[in-house]
Amino acid sequence: MTAKGVILFTAMVGALLLCSCAKNEDTSSLTESQQEQSDFPRCIVGEWKCRETPLDNSELYSGYLSLIIRSDGNYLMYDAEAGNPCLKGTIEMDDDDLDLIFVDDSGVDFAPPAGWENMSKRQEIGYFADSYTLKLTYTDNDNSVTLVFDAVNAPNEVKT
């Protein structure tokens, strides 16, 4: 394959990956609630298993975490080893669609994961996602901790 062919192929694959996380653009006939749901990034929906250590702190252990995100924005982050919920609630998009806002509205014990201890019940979280990987970054002052999750099933979709 020539250099032009490799570049063209790489550009096409990249465009397809971006499209898999794209939002619906024609929302004029939807209600406000439906429009909010259409803004939700589909590529984060699914079942996720956290890697053993956060991306930026190998001294913390996070391999016990699992995360379920439904297409309606409801989520559950839980300790898969003990079965206890850590965080439970809804996920919203921030105003510029660059971050997620995790809202813990469950009324159960609020137990953020290691490195996220100072997290509030309504917290802006940076994210990166594709069909196989989800990176969630909590920032507290100048420190950040990124949990890296791998898709349990790909393409990533939760069956209800």
# chains A, B, ... in the order shown; residues from 1 in each chain; ligands from 1
>>> residues_around(residues="Asn143 (chain A)", least_positions_apart="3", cutoff="12 Å", atoms="only C-alpha atoms", output="short mmCIF file (atom, residue, chain, number, x, y, z; two decimals) with N, CA, C and O atoms, in the first residue's frame")
data_model
loop_
_atom_site.label_atom_id
_atom_site.label_comp_id
_atom_site.auth_asym_id
_atom_site.auth_seq_id
_atom_site.Cartn_x
_atom_site.Cartn_y
_atom_site.Cartn_z
N ASP A 56 -2.78 7.85 35.95
CA ASP A 56 -1.76 8.77 36.44
C ASP A 56 -1.32 8.52 37.88
O ASP A 56 -0.67 9.35 38.47
N ASN A 57 -1.69 7.36 38.45
CA ASN A 57 -1.26 7.06 39.81
C ASN A 57 -1.25 5.55 40.02
O ASN A 57 -2.27 4.96 40.38
N GLY A 115 -8.77 8.09 44.88
CA GLY A 115 -8.28 9.22 44.10
C GLY A 115 -9.36 10.25 43.82
O GLY A 115 -9.06 11.37 43.41
N TRP A 116 -10.61 9.89 44.00
CA TRP A 116 -11.73 10.79 43.78
C TRP A 116 -12.41 11.15 45.10
O TRP A 116 -13.55 11.59 45.13
N ASN A 118 -12.48 13.54 47.19
CA ASN A 118 -13.03 14.88 47.41
C ASN A 118 -14.14 15.24 46.42
O ASN A 118 -14.59 16.37 46.38
N THR A 137 -11.81 11.37 33.99
CA THR A 137 -10.80 12.13 34.73
C THR A 137 -11.45 13.07 35.73
O THR A 137 -12.21 13.96 35.36
N TYR A 138 -11.14 12.84 37.00
CA TYR A 138 -11.56 13.71 38.09
C TYR A 138 -10.40 14.65 38.40
O TYR A 138 -9.27 14.21 38.56
N THR A 139 -10.69 15.95 38.47
CA THR A 139 -9.66 16.93 38.79
C THR A 139 -10.03 17.67 40.06
O THR A 139 -11.15 18.16 40.20
N ASP A 140 -9.08 17.73 40.98
CA ASP A 140 -9.25 18.43 42.26
C ASP A 140 -8.07 19.38 42.38
O ASP A 140 -6.94 18.95 42.59
N THR A 146 -7.27 9.68 36.54
CA THR A 146 -8.02 9.15 35.41
C THR A 146 -8.22 7.66 35.59
O THR A 146 -7.25 6.90 35.61
#
>>> residues_around(residues="Tyr61 (chain A)", least_positions_apart="4", cutoff="12 Å", atoms="only C-alpha atoms", output="PyMOL selection string")
chain A and resi 50-57+65+79+113-115+145-148
>>> closest_residue(among="A:Leu100, A:Val152, A:Val45, A:Ala111", to="Tyr78 (chain A)", atoms="only C-alpha atoms")
A:Ala111
>>> closest_residue(among="A:Ser144, A:Ser71, A:Lys121, A:Tyr64", to="Leu87 (chain A)", atoms="only C-alpha atoms")
A:Lys121
>>> atom_distance(atom1="CA of Ile101 (chain A)", atom2="CA of Asn84 (chain A)")
21.9 Å
>>> residues_around(residues="Phe128 (chain A)", least_positions_apart="2", cutoff="10 Å", atoms="only C-alpha atoms", output="mmCIF file with all heavy atoms, in the first residue's frame")
data_model
loop_
_atom_site.group_PDB
_atom_site.id
_atom_site.type_symbol
_atom_site.label_atom_id
_atom_site.label_comp_id
_atom_site.auth_asym_id
_atom_site.auth_seq_id
_atom_site.Cartn_x
_atom_site.Cartn_y
_atom_site.Cartn_z
ATOM 1 N N CYS A 43 -21.414 6.593 22.790
ATOM 2 C CA CYS A 43 -20.237 5.733 22.927
ATOM 3 C C CYS A 43 -19.866 5.440 24.375
ATOM 4 O O CYS A 43 -19.032 4.575 24.626
ATOM 5 C CB CYS A 43 -19.046 6.323 22.184
ATOM 6 S SG CYS A 43 -18.621 7.981 22.703
ATOM 7 N N ILE A 44 -20.475 6.120 25.346
ATOM 8 C CA ILE A 44 -20.184 5.793 26.736
ATOM 9 C C ILE A 44 -21.204 4.817 27.318
ATOM 10 O O ILE A 44 -21.042 4.329 28.427
ATOM 11 C CB ILE A 44 -20.067 7.044 27.634
ATOM 12 C CG1 ILE A 44 -21.413 7.724 27.834
ATOM 13 C CG2 ILE A 44 -19.022 7.998 27.089
ATOM 14 C CD1 ILE A 44 -21.384 8.813 28.901
ATOM 15 N N LEU A 98 -18.025 19.103 26.519
ATOM 16 C CA LEU A 98 -16.681 18.555 26.616
ATOM 17 C C LEU A 98 -16.497 17.658 27.832
ATOM 18 O O LEU A 98 -15.597 16.833 27.858
ATOM 19 C CB LEU A 98 -15.643 19.690 26.651
ATOM 20 C CG LEU A 98 -15.596 20.562 25.408
ATOM 21 C CD1 LEU A 98 -14.588 21.691 25.609
ATOM 22 C CD2 LEU A 98 -15.248 19.747 24.181
ATOM 23 N N ASP A 99 -17.321 17.847 28.844
ATOM 24 C CA ASP A 99 -17.219 17.066 30.067
ATOM 25 C C ASP A 99 -18.576 16.471 30.412
ATOM 26 O O ASP A 99 -19.611 16.937 29.948
ATOM 27 C CB ASP A 99 -16.756 17.939 31.237
ATOM 28 C CG ASP A 99 -15.340 18.455 31.052
ATOM 29 O OD1 ASP A 99 -14.461 17.651 30.697
ATOM 30 O OD2 ASP A 99 -15.120 19.653 31.276
ATOM 31 N N GLY A 126 -14.003 14.887 33.242
ATOM 32 C CA GLY A 126 -13.535 14.836 31.859
ATOM 33 C C GLY A 126 -13.636 13.412 31.347
ATOM 34 O O GLY A 126 -13.557 12.454 32.108
ATOM 35 N N ASP A 130 -14.200 5.551 23.226
ATOM 36 C CA ASP A 130 -14.448 4.919 21.946
ATOM 37 C C ASP A 130 -15.195 3.618 22.260
ATOM 38 O O ASP A 130 -15.634 3.423 23.390
ATOM 39 C CB ASP A 130 -13.158 4.704 21.144
ATOM 40 C CG ASP A 130 -12.142 3.819 21.837
ATOM 41 O OD1 ASP A 130 -12.526 2.919 22.616
ATOM 42 O OD2 ASP A 130 -10.940 4.004 21.580
ATOM 43 N N THR A 133 -12.824 1.637 25.076
ATOM 44 C CA THR A 133 -12.165 2.260 26.219
ATOM 45 C C THR A 133 -12.925 3.507 26.655
ATOM 46 O O THR A 133 -13.379 4.286 25.817
ATOM 47 C CB THR A 133 -10.718 2.660 25.862
ATOM 48 O OG1 THR A 133 -10.037 1.529 25.339
ATOM 49 C CG2 THR A 133 -9.973 3.170 27.084
ATOM 50 N N LEU A 134 -13.034 3.689 27.960
ATOM 51 C CA LEU A 134 -13.633 4.883 28.534
ATOM 52 C C LEU A 134 -12.672 5.409 29.594
ATOM 53 O O LEU A 134 -12.311 4.686 30.527
ATOM 54 C CB LEU A 134 -14.991 4.561 29.166
ATOM 55 C CG LEU A 134 -15.687 5.681 29.946
ATOM 56 C CD1 LEU A 134 -16.005 6.862 29.033
ATOM 57 C CD2 LEU A 134 -16.951 5.152 30.608
ATOM 58 N N LYS A 135 -12.232 6.654 29.437
ATOM 59 C CA LYS A 135 -11.351 7.292 30.412
ATOM 60 C C LYS A 135 -12.136 8.404 31.090
ATOM 61 O O LYS A 135 -12.671 9.283 30.427
ATOM 62 C CB LYS A 135 -10.107 7.872 29.743
ATOM 63 C CG LYS A 135 -9.223 6.820 29.112
ATOM 64 C CD LYS A 135 -8.042 7.441 28.400
ATOM 65 C CE LYS A 135 -7.202 6.363 27.732
ATOM 66 N NZ LYS A 135 -6.110 6.947 26.942
ATOM 67 N N LEU A 136 -12.214 8.335 32.420
ATOM 68 C CA LEU A 136 -12.910 9.339 33.212
ATOM 69 C C LEU A 136 -11.895 10.039 34.114
ATOM 70 O O LEU A 136 -11.210 9.384 34.894
ATOM 71 C CB LEU A 136 -14.001 8.689 34.067
ATOM 72 C CG LEU A 136 -15.101 7.960 33.305
ATOM 73 C CD1 LEU A 136 -16.057 7.272 34.269
ATOM 74 C CD2 LEU A 136 -15.863 8.929 32.402
ATOM 75 N N THR A 137 -11.807 11.365 33.993
ATOM 76 C CA THR A 137 -10.803 12.130 34.726
ATOM 77 C C THR A 137 -11.454 13.066 35.729
ATOM 78 O O THR A 137 -12.206 13.961 35.360
ATOM 79 C CB THR A 137 -9.916 12.943 33.761
ATOM 80 O OG1 THR A 137 -9.310 12.055 32.829
ATOM 81 C CG2 THR A 137 -8.841 13.710 34.520
ATOM 82 N N VAL A 148 -9.427 4.260 33.939
ATOM 83 C CA VAL A 148 -9.540 3.722 32.586
ATOM 84 C C VAL A 148 -10.380 2.455 32.640
ATOM 85 O O VAL A 148 -10.045 1.510 33.361
ATOM 86 C CB VAL A 148 -8.156 3.426 31.977
ATOM 87 C CG1 VAL A 148 -8.301 2.903 30.560
ATOM 88 C CG2 VAL A 148 -7.279 4.673 32.005
#
>>> select_by_dssp(residues="region 29-158 of chain A", states="alpha helix (DSSP H)", output="compact mmCIF listing (two decimals) with C-alpha atoms, in the first residue's frame")
# COMPACT_ATOMS: atom_id res chain seq x y z
CA GLU A 32 -36.77 19.18 25.31
CA SER A 33 -36.30 15.96 27.30
CA GLN A 34 -35.69 13.97 24.11
CA GLN A 35 -33.20 16.59 22.90
CA GLU A 36 -31.25 16.30 26.14
CA GLN A 37 -31.08 12.52 25.68
CA SER A 38 -29.96 12.91 22.05
>>> residues_around(residues="Arg122 (chain A)", least_positions_apart="6", cutoff="10 Å", atoms="only C-alpha atoms", output="ChimeraX atom specification")
/A:89-92,101-105
